[in-house]
Amino acid sequence: MKQPADMKKVGLFIDTWYPMVDGVIKVVDNYARRLMQYCDVVVFCPATRGYSKAEDNKLPYKVVRCSSLPLINNDYDIPMSALDPKFNAQLMRSGIDFVHIHSPFTVGLAGVLYAKMHKLPVVATLHSQYKQDFEKPLGNFKPAVNVALNTIMNVFNQCDECWAVNEGIKELYQKEYGLTAPCKVRLNGTDHHPVADPQEAARIVNETYHISADTTVFLFVGRINFIKNIDFTVRSLARAKKLGLKNFRMLFVGKGQDEEKLAELDKEQGLIDEVVMCGLVSDKTMLENLYSRAKLFLFPSLYDANSLVQIEAACQSTPTLFLEGARTAATVKAGVNGYVSPAGEDNYAQAIMDILADAEGYERVAKAAHNDLYINWDDVVKEVYKDYGILKANKTV
């Protein structure tokens, strides 16, 4: 193996971008900001709805956007990079010497093709469970699902290396998706820091959302979309209430296409007083306060691969309650640094009650969540840059 080589300019490729906000966007943004300590960075992405060139220009790295088409009844747009001559001209003139793709669609494919053309190393991060994405619109028509899955795996399998966000995702891609490219685990991180004064953080949250000091707070942060199983959360809390759960608030932080559905479900389940819709909270300090105030982060998603929000929660010593079978729970040891409930709303409700009843056990798990699961992006990206250098050196052998 050659010694690591230096990169002058890294290209990060992603098929969505601000003003849309999701976990993958936050990962790429954190990569780009920290990689700027070592080299120049260009983010290649689509011109999503509502984007602003002025906002792009405020970023510490360069952003190159391609045209896109909006999807009806969906938060995302379709990038049209292959049909955008201006985008492709900018890519060809970019001078990047390392390619890192974070999605396998049109923009990600453009990155792979550029790398092949210029004999550059290319890495892909495996962020998502794409088969679920394909099954949602295609239903049980397996041939179409398989074609879609094979198409994106052809992109990933052209990469020099793939990075899975945890062992569960690595196993999924290798055993079920047909990944043949070399693969290793590269954990995500967070730019959050533990609050200096938890009591003051609690006071701010209580005052902002009209919560009494003795109220138990549960939290969700992310897209308000039922694909995240947040409707399951509400129904589980309604069951926990019947089991005797009192004086609690469930805070949903974020925006998304199912906000009205969620409000209707709150009413249907008799939780109008307990559920608080906080909307989008972009202030990092306030988010840190919210995580610190919460007793549990409720995250029964079976869709996510490895969500940043569970790391953000762990940063504040707030453990997460997952569901069995969740790939995003692969970094957690149940009952040690987090909680995992058996499937079903009754089981999830009972798990909440059991956790609250064991104060000593909770404190032990909360402390371990911070010690075991909190990773800072600075440390992650330092190792990422080293790996870039090794892959580039090996590419020239």
# chains A, B, ... in the order shown; residues from 1 in each chain; ligands from 1
>>> select_by_dssp(residues="region 301-336 of chain A", states="helix (DSSP H, G or I)", output="list in words")
Leu308, Val309, Gln310, Ile311, Glu312, Ala313, Ala314, Cys315, Arg327, Thr328 and Ala329 of chain A
>>> write_last_selection(atoms="N, CA and C atoms", output="PDB file, in the first residue's frame")
ATOM      1  N   LEU A 308     -28.781  10.667  11.875  1.00  0.00           N
ATOM      2  CA  LEU A 308     -27.950  11.573  12.666  1.00  0.00           C
ATOM      3  C   LEU A 308     -28.631  11.952  13.970  1.00  0.00           C
ATOM      4  N   VAL A 309     -29.970  11.944  13.982  1.00  0.00           N
ATOM      5  CA  VAL A 309     -30.674  12.425  15.170  1.00  0.00           C
ATOM      6  C   VAL A 309     -30.409  11.541  16.387  1.00  0.00           C
ATOM      7  N   GLN A 310     -30.177  10.260  16.178  1.00  0.00           N
ATOM      8  CA  GLN A 310     -29.902   9.396  17.318  1.00  0.00           C
ATOM      9  C   GLN A 310     -28.523   9.702  17.918  1.00  0.00           C
ATOM     10  N   ILE A 311     -27.589  10.176  17.074  1.00  0.00           N
ATOM     11  CA  ILE A 311     -26.272  10.594  17.566  1.00  0.00           C
ATOM     12  C   ILE A 311     -26.396  11.928  18.293  1.00  0.00           C
ATOM     13  N   GLU A 312     -27.228  12.827  17.746  1.00  0.00           N
ATOM     14  CA  GLU A 312     -27.465  14.116  18.394  1.00  0.00           C
ATOM     15  C   GLU A 312     -28.095  13.928  19.771  1.00  0.00           C
ATOM     16  N   ALA A 313     -29.023  12.976  19.867  1.00  0.00           N
ATOM     17  CA  ALA A 313     -29.645  12.677  21.155  1.00  0.00           C
ATOM     18  C   ALA A 313     -28.613  12.120  22.131  1.00  0.00           C
ATOM     19  N   ALA A 314     -27.786  11.185  21.657  1.00  0.00           N
ATOM     20  CA  ALA A 314     -26.758  10.582  22.512  1.00  0.00           C
ATOM     21  C   ALA A 314     -25.770  11.621  23.012  1.00  0.00           C
ATOM     22  N   CYS A 315     -25.525  12.639  22.206  1.00  0.00           N
ATOM     23  CA  CYS A 315     -24.634  13.726  22.622  1.00  0.00           C
ATOM     24  C   CYS A 315     -25.100  14.341  23.939  1.00  0.00           C
ATOM     25  N   ARG A 327     -32.509  -1.227  11.005  1.00  0.00           N
ATOM     26  CA  ARG A 327     -31.095  -1.159  10.637  1.00  0.00           C
ATOM     27  C   ARG A 327     -30.393  -0.023  11.370  1.00  0.00           C
ATOM     28  N   THR A 328     -31.117   1.056  11.631  1.00  0.00           N
ATOM     29  CA  THR A 328     -30.522   2.213  12.275  1.00  0.00           C
ATOM     30  C   THR A 328     -30.163   1.958  13.735  1.00  0.00           C
ATOM     31  N   ALA A 329     -30.633   0.834  14.278  1.00  0.00           N
ATOM     32  CA  ALA A 329     -30.294   0.466  15.655  1.00  0.00           C
ATOM     33  C   ALA A 329     -29.043  -0.402  15.739  1.00  0.00           C
TER      34      ALA A 329
END
>>> residues_around(residues="region 350-352 of chain A", least_positions_apart="6", cutoff="10 Å", atoms="only C-alpha atoms", output="VMD selection string")
chain A and resid 218 236 to 237 239 to 240 243 245 296 298 321 339 to 342
>>> write_last_selection(atoms="N, CA and C atoms", output="PDB file, in the first residue's frame")
ATOM      1  N   PHE A 218     -40.840  13.438  25.644  1.00  0.00           N
ATOM      2  CA  PHE A 218     -40.354  12.545  24.595  1.00  0.00           C
ATOM      3  C   PHE A 218     -40.133  13.384  23.342  1.00  0.00           C
ATOM      4  N   SER A 236     -48.663   4.372  19.927  1.00  0.00           N
ATOM      5  CA  SER A 236     -48.005   3.729  21.076  1.00  0.00           C
ATOM      6  C   SER A 236     -48.155   4.572  22.326  1.00  0.00           C
ATOM      7  N   LEU A 237     -48.014   5.882  22.192  1.00  0.00           N
ATOM      8  CA  LEU A 237     -48.170   6.769  23.349  1.00  0.00           C
ATOM      9  C   LEU A 237     -49.603   6.756  23.860  1.00  0.00           C
ATOM     10  N   ARG A 239     -51.523   4.188  23.801  1.00  0.00           N
ATOM     11  CA  ARG A 239     -51.600   2.948  24.571  1.00  0.00           C
ATOM     12  C   ARG A 239     -50.887   3.087  25.920  1.00  0.00           C
ATOM     13  N   ALA A 240     -49.744   3.769  25.913  1.00  0.00           N
ATOM     14  CA  ALA A 240     -49.019   3.993  27.173  1.00  0.00           C
ATOM     15  C   ALA A 240     -49.856   4.836  28.132  1.00  0.00           C
ATOM     16  N   LEU A 243     -52.073   2.727  29.868  1.00  0.00           N
ATOM     17  CA  LEU A 243     -51.355   1.918  30.860  1.00  0.00           C
ATOM     18  C   LEU A 243     -51.003   2.715  32.115  1.00  0.00           C
ATOM     19  N   LEU A 245     -49.485   6.142  31.853  1.00  0.00           N
ATOM     20  CA  LEU A 245     -48.530   7.219  31.603  1.00  0.00           C
ATOM     21  C   LEU A 245     -49.229   8.566  31.765  1.00  0.00           C
ATOM     22  N   LEU A 296     -36.545  10.527  26.569  1.00  0.00           N
ATOM     23  CA  LEU A 296     -36.282   9.500  25.561  1.00  0.00           C
ATOM     24  C   LEU A 296     -36.443  10.093  24.170  1.00  0.00           C
ATOM     25  N   LEU A 298     -37.771   8.970  20.793  1.00  0.00           N
ATOM     26  CA  LEU A 298     -38.600   7.885  20.273  1.00  0.00           C
ATOM     27  C   LEU A 298     -38.406   7.774  18.766  1.00  0.00           C
ATOM     28  N   LEU A 321     -35.180   4.899  21.871  1.00  0.00           N
ATOM     29  CA  LEU A 321     -35.958   3.661  21.866  1.00  0.00           C
ATOM     30  C   LEU A 321     -36.276   3.298  20.423  1.00  0.00           C
ATOM     31  N   TYR A 339     -32.251   1.464  23.766  1.00  0.00           N
ATOM     32  CA  TYR A 339     -33.334   0.511  24.006  1.00  0.00           C
ATOM     33  C   TYR A 339     -33.896   0.023  22.673  1.00  0.00           C
ATOM     34  N   VAL A 340     -34.301  -1.235  22.651  1.00  0.00           N
ATOM     35  CA  VAL A 340     -34.926  -1.820  21.466  1.00  0.00           C
ATOM     36  C   VAL A 340     -36.178  -2.562  21.907  1.00  0.00           C
ATOM     37  N   SER A 341     -37.310  -2.180  21.327  1.00  0.00           N
ATOM     38  CA  SER A 341     -38.588  -2.790  21.676  1.00  0.00           C
ATOM     39  C   SER A 341     -38.979  -3.857  20.663  1.00  0.00           C
ATOM     40  N   PRO A 342     -39.631  -4.928  21.107  1.00  0.00           N
ATOM     41  CA  PRO A 342     -40.242  -5.860  20.145  1.00  0.00           C
ATOM     42  C   PRO A 342     -41.280  -5.129  19.299  1.00  0.00           C
TER      43      PRO A 342
END
>>> atom_distance(atom1="CA of Leu179 (chain A)", atom2="CA of Ser103 (chain A)")
14.6 Å
>>> select_by_dssp(residues="region 146-393 of chain A", states="strand (DSSP E or B)", output="ChimeraX atom specification")
/A:161-164,183-185,190,216-221,248-253,275-279,296-298,320-323,334,338-341,376
>>> atom_distance(atom1="CA of Glu167 (chain A)", atom2="CA of Asp354 (chain A)")
28.2 Å
>>> closest_atom_pairs(of="region 42-113 of chain A", to="region 119-139 of chain A", cutoff="9 Å", atoms="only C-alpha atoms", output="JSON lines")
{"residue": "A:Ile96", "atom": "CA", "partner": "A:Leu120", "partner_atom": "CA", "distance": 8.9}
{"residue": "A:Asp97", "atom": "CA", "partner": "A:Leu120", "partner_atom": "CA", "distance": 6.2}
{"residue": "A:Phe98", "atom": "CA", "partner": "A:Pro121", "partner_atom": "CA", "distance": 5.7}
{"residue": "A:Val99", "atom": "CA", "partner": "A:Val122", "partner_atom": "CA", "distance": 4.7}
{"residue": "A:His100", "atom": "CA", "partner": "A:Val123", "partner_atom": "CA", "distance": 4.7}
{"residue": "A:Ile101", "atom": "CA", "partner": "A:Ala124", "partner_atom": "CA", "distance": 4.8}
{"residue": "A:His102", "atom": "CA", "partner": "A:Thr125", "partner_atom": "CA", "distance": 5.2}
{"residue": "A:Ser103", "atom": "CA", "partner": "A:Thr125", "partner_atom": "CA", "distance": 7.5}
{"residue": "A:Pro104", "atom": "CA", "partner": "A:Ala124", "partner_atom": "CA", "distance": 8.3}
{"residue": "A:Gly108", "atom": "CA", "partner": "A:Ala124", "partner_atom": "CA", "distance": 8.7}
{"residue": "A:Gly111", "atom": "CA", "partner": "A:Val122", "partner_atom": "CA", "distance": 8.0}
{"residue": "A:Val112", "atom": "CA", "partner": "A:Val122", "partner_atom": "CA", "distance": 6.6}
>>> closest_residue(among="A:Lys392, A:Arg235, A:Arg65, A:Arg33", to="Tyr51 (chain A)", atoms="only C-alpha atoms")
A:Arg65
>>> closest_residue(among="A:Val336, A:Val195, A:Ile227, A:Val64", to="Gly361 (chain A)", atoms="only C-alpha atoms")
A:Val336
>>> closest_residue(among="A:Thr48, A:Thr180, A:Gln158, A:Asn188", to="Asn376 (chain A)", atoms="only C-alpha atoms")
A:Asn188
>>> closest_atom_pairs(of="region 192-269 of chain A", to="region 21-28 of chain A", cutoff="12 Å", atoms="only C-alpha atoms", output="JSON lines")
{"residue": "A:Val221", "atom": "CA", "partner": "A:Asp22", "partner_atom": "CA", "distance": 10.5}
{"residue": "A:Gly222", "atom": "CA", "partner": "A:Asp22", "partner_atom": "CA", "distance": 7.4}
{"residue": "A:Arg223", "atom": "CA", "partner": "A:Asp22", "partner_atom": "CA", "distance": 7.3}
{"residue": "A:Ile224", "atom": "CA", "partner": "A:Asp22", "partner_atom": "CA", "distance": 11.0}
{"residue": "A:Asn225", "atom": "CA", "partner": "A:Asp22", "partner_atom": "CA", "distance": 11.7}
{"residue": "A:Gly254", "atom": "CA", "partner": "A:Val21", "partner_atom": "CA", "distance": 9.5}
{"residue": "A:Lys255", "atom": "CA", "partner": "A:Val21", "partner_atom": "CA", "distance": 9.5}
{"residue": "A:Gly256", "atom": "CA", "partner": "A:Val21", "partner_atom": "CA", "distance": 10.1}
>>> residues_around(residues="Pro198 (chain A)", least_positions_apart="6", cutoff="12 Å", atoms="only C-alpha atoms", output="list in words")
Ile204, Val205, Glu288, Asn289, Leu290, Tyr291, Ser292, Arg293, Ala294, Gln316, Ser317 and Thr318 of chain A
>>> write_last_selection(atoms="N, CA and C atoms", output="mmCIF file, in the first residue's frame")
data_model
loop_
_atom_site.group_PDB
_atom_site.id
_atom_site.type_symbol
_atom_site.label_atom_id
_atom_site.label_comp_id
_atom_site.auth_asym_id
_atom_site.auth_seq_id
_atom_site.Cartn_x
_atom_site.Cartn_y
_atom_site.Cartn_z
ATOM 1 N N ILE A 204 -35.338 26.762 29.281
ATOM 2 C CA ILE A 204 -35.610 27.405 27.993
ATOM 3 C C ILE A 204 -36.674 26.633 27.214
ATOM 4 N N VAL A 205 -36.540 25.303 27.185
ATOM 5 C CA VAL A 205 -37.524 24.477 26.470
ATOM 6 C C VAL A 205 -38.890 24.580 27.139
ATOM 7 N N GLU A 288 -30.044 21.439 20.668
ATOM 8 C CA GLU A 288 -29.310 20.820 21.765
ATOM 9 C C GLU A 288 -30.098 20.893 23.064
ATOM 10 N N ASN A 289 -30.769 22.023 23.280
ATOM 11 C CA ASN A 289 -31.621 22.160 24.471
ATOM 12 C C ASN A 289 -32.763 21.156 24.451
ATOM 13 N N LEU A 290 -33.367 20.964 23.281
ATOM 14 C CA LEU A 290 -34.482 20.017 23.156
ATOM 15 C C LEU A 290 -34.031 18.582 23.436
ATOM 16 N N TYR A 291 -32.919 18.189 22.850
ATOM 17 C CA TYR A 291 -32.397 16.841 23.107
ATOM 18 C C TYR A 291 -32.087 16.654 24.588
ATOM 19 N N SER A 292 -31.525 17.684 25.206
ATOM 20 C CA SER A 292 -31.161 17.590 26.618
ATOM 21 C C SER A 292 -32.400 17.476 27.499
ATOM 22 N N ARG A 293 -33.463 18.179 27.151
ATOM 23 C CA ARG A 293 -34.688 18.170 27.946
ATOM 24 C C ARG A 293 -35.419 16.844 27.853
ATOM 25 N N ALA A 294 -35.270 16.132 26.736
ATOM 26 C CA ALA A 294 -36.038 14.904 26.515
ATOM 27 C C ALA A 294 -35.552 13.758 27.398
ATOM 28 N N GLN A 316 -26.415 14.409 24.138
ATOM 29 C CA GLN A 316 -26.993 15.004 25.355
ATOM 30 C C GLN A 316 -27.364 13.942 26.392
ATOM 31 N N SER A 317 -26.821 12.740 26.242
ATOM 32 C CA SER A 317 -27.109 11.624 27.165
ATOM 33 C C SER A 317 -28.586 11.255 27.174
ATOM 34 N N THR A 318 -29.221 11.399 26.022
ATOM 35 C CA THR A 318 -30.623 11.009 25.866
ATOM 36 C C THR A 318 -30.686 9.741 25.027
#
>>> closest_residue(among="A:Tyr348, A:Tyr31, A:Phe322, A:Trp17", to="Gly50 (chain A)", atoms="only C-alpha atoms")
A:Trp17
>>> residues_around(residues="Arg249 (chain A)", least_positions_apart="5", cutoff="6 Å", atoms="only C-alpha atoms", output="JSON, numbers by chain")
{"A": [217, 274, 275]}
>>> write_last_selection(atoms="C-alpha atoms", output="tab-separated table (two decimals), in the first residue's frame")
chain	number	residue	atom	x	y	z
A	217	VAL	CA	-40.69	14.87	27.58
A	274	GLU	CA	-49.83	15.88	24.93
A	275	VAL	CA	-48.45	16.30	21.38
>>> residues_around(residues="Lys62 (chain A)", least_positions_apart="6", cutoff="10 Å", atoms="only C-alpha atoms", output="list of chain:residue names")
A:Gly11, A:Ala32, A:Asp40, A:Val41, A:Val42, A:Val43, A:Phe44, A:Asp56
>>> atom_distance(atom1="CA of Ala82 (chain A)", atom2="CA of Pro70 (chain A)")
16.2 Å
>>> decode(residues="region 354-378 of chain A", atoms="N, CA, C and O atoms", output="JSON list (two decimals), in the first residue's frame")
[["chain", "number", "residue", "atom", "x", "y", "z"],
["A", 354, "ASP", "N", -41.71, 0.59, 31.10],
["A", 354, "ASP", "CA", -40.66, -0.14, 31.81],
["A", 354, "ASP", "C", -39.41, 0.73, 31.99],
["A", 354, "ASP", "O", -38.76, 0.70, 33.05],
["A", 355, "ILE", "N", -39.06, 1.48, 30.97],
["A", 355, "ILE", "CA", -37.89, 2.36, 31.04],
["A", 355, "ILE", "C", -38.08, 3.42, 32.12],
["A", 355, "ILE", "O", -37.18, 3.67, 32.94],
["A", 356, "LEU", "N", -39.26, 4.03, 32.14],
["A", 356, "LEU", "CA", -39.54, 5.09, 33.12],
["A", 356, "LEU", "C", -39.59, 4.52, 34.54],
["A", 356, "LEU", "O", -39.29, 5.25, 35.51],
["A", 357, "ALA", "N", -39.93, 3.26, 34.68],
["A", 357, "ALA", "CA", -40.04, 2.66, 36.01],
["A", 357, "ALA", "C", -38.69, 2.28, 36.60],
["A", 357, "ALA", "O", -38.59, 2.03, 37.80],
["A", 358, "ASP", "N", -37.66, 2.24, 35.77],
["A", 358, "ASP", "CA", -36.33, 1.82, 36.22],
["A", 358, "ASP", "C", -35.37, 3.01, 36.17],
["A", 358, "ASP", "O", -34.56, 3.13, 35.25],
["A", 359, "ALA", "N", -35.44, 3.87, 37.17],
["A", 359, "ALA", "CA", -34.65, 5.10, 37.17],
["A", 359, "ALA", "C", -33.16, 4.81, 37.19],
["A", 359, "ALA", "O", -32.37, 5.46, 36.48],
["A", 360, "GLU", "N", -32.74, 3.85, 37.98],
["A", 360, "GLU", "CA", -31.31, 3.54, 38.08],
["A", 360, "GLU", "C", -30.78, 2.98, 36.76],
["A", 360, "GLU", "O", -29.71, 3.37, 36.28],
["A", 361, "GLY", "N", -31.54, 2.08, 36.16],
["A", 361, "GLY", "CA", -31.14, 1.52, 34.87],
["A", 361, "GLY", "C", -31.10, 2.58, 33.79],
["A", 361, "GLY", "O", -30.20, 2.58, 32.93],
["A", 362, "TYR", "N", -32.07, 3.49, 33.84],
["A", 362, "TYR", "CA", -32.11, 4.56, 32.85],
["A", 362, "TYR", "C", -30.84, 5.41, 32.92],
["A", 362, "TYR", "O", -30.25, 5.75, 31.88],
["A", 363, "GLU", "N", -30.43, 5.80, 34.11],
["A", 363, "GLU", "CA", -29.25, 6.64, 34.26],
["A", 363, "GLU", "C", -28.01, 5.95, 33.72],
["A", 363, "GLU", "O", -27.15, 6.58, 33.10],
["A", 364, "ARG", "N", -27.93, 4.65, 33.91],
["A", 364, "ARG", "CA", -26.79, 3.88, 33.41],
["A", 364, "ARG", "C", -26.78, 3.87, 31.88],
["A", 364, "ARG", "O", -25.74, 4.07, 31.24],
["A", 365, "VAL", "N", -27.95, 3.64, 31.27],
["A", 365, "VAL", "CA", -28.06, 3.62, 29.81],
["A", 365, "VAL", "C", -27.82, 5.00, 29.22],
["A", 365, "VAL", "O", -27.13, 5.13, 28.19],
["A", 366, "ALA", "N", -28.34, 6.04, 29.86],
["A", 366, "ALA", "CA", -28.17, 7.41, 29.36],
["A", 366, "ALA", "C", -26.68, 7.79, 29.33],
["A", 366, "ALA", "O", -26.20, 8.39, 28.36],
["A", 367, "LYS", "N", -25.96, 7.44, 30.38],
["A", 367, "LYS", "CA", -24.53, 7.75, 30.43],
["A", 367, "LYS", "C", -23.78, 6.98, 29.34],
["A", 367, "LYS", "O", -22.90, 7.53, 28.65],
["A", 368, "ALA", "N", -24.12, 5.70, 29.15],
["A", 368, "ALA", "CA", -23.46, 4.88, 28.14],
["A", 368, "ALA", "C", -23.77, 5.37, 26.73],
["A", 368, "ALA", "O", -22.93, 5.28, 25.83],
["A", 369, "ALA", "N", -24.99, 5.89, 26.51],
["A", 369, "ALA", "CA", -25.36, 6.42, 25.20],
["A", 369, "ALA", "C", -24.39, 7.53, 24.80],
["A", 369, "ALA", "O", -23.89, 7.57, 23.67],
["A", 370, "HIS", "N", -24.11, 8.42, 25.75],
["A", 370, "HIS", "CA", -23.15, 9.50, 25.48],
["A", 370, "HIS", "C", -21.75, 8.96, 25.25],
["A", 370, "HIS", "O", -21.07, 9.33, 24.29],
["A", 371, "ASN", "N", -21.31, 8.08, 26.12],
["A", 371, "ASN", "CA", -19.93, 7.58, 26.05],
["A", 371, "ASN", "C", -19.68, 6.73, 24.81],
["A", 371, "ASN", "O", -18.59, 6.78, 24.22],
["A", 372, "ASP", "N", -20.67, 5.95, 24.39],
["A", 372, "ASP", "CA", -20.48, 4.97, 23.31],
["A", 372, "ASP", "C", -20.86, 5.49, 21.93],
["A", 372, "ASP", "O", -20.27, 5.07, 20.93],
["A", 373, "LEU", "N", -21.87, 6.36, 21.86],
["A", 373, "LEU", "CA", -22.48, 6.68, 20.56],
["A", 373, "LEU", "C", -22.24, 8.09, 20.07],
["A", 373, "LEU", "O", -22.50, 8.39, 18.90],
["A", 374, "TYR", "N", -21.76, 8.96, 20.93],
["A", 374, "TYR", "CA", -21.52, 10.35, 20.54],
["A", 374, "TYR", "C", -20.18, 10.45, 19.83],
["A", 374, "TYR", "O", -19.13, 10.18, 20.40],
["A", 375, "ILE", "N", -20.21, 10.81, 18.55],
["A", 375, "ILE", "CA", -19.01, 10.96, 17.72],
["A", 375, "ILE", "C", -19.05, 12.34, 17.08],
["A", 375, "ILE", "O", -20.07, 12.74, 16.51],
["A", 376, "ASN", "N", -17.93, 13.05, 17.12],
["A", 376, "ASN", "CA", -17.87, 14.39, 16.54],
["A", 376, "ASN", "C", -17.42, 14.32, 15.08],
["A", 376, "ASN", "O", -16.56, 13.51, 14.73],
["A", 377, "TRP", "N", -18.00, 15.16, 14.25],
["A", 377, "TRP", "CA", -17.66, 15.16, 12.83],
["A", 377, "TRP", "C", -16.19, 15.47, 12.59],
["A", 377, "TRP", "O", -15.60, 15.00, 11.60],
["A", 378, "ASP", "N", -15.57, 16.30, 13.43],
["A", 378, "ASP", "CA", -14.15, 16.62, 13.24],
["A", 378, "ASP", "C", -13.30, 15.36, 13.22],
["A", 378, "ASP", "O", -12.41, 15.20, 12.38]]
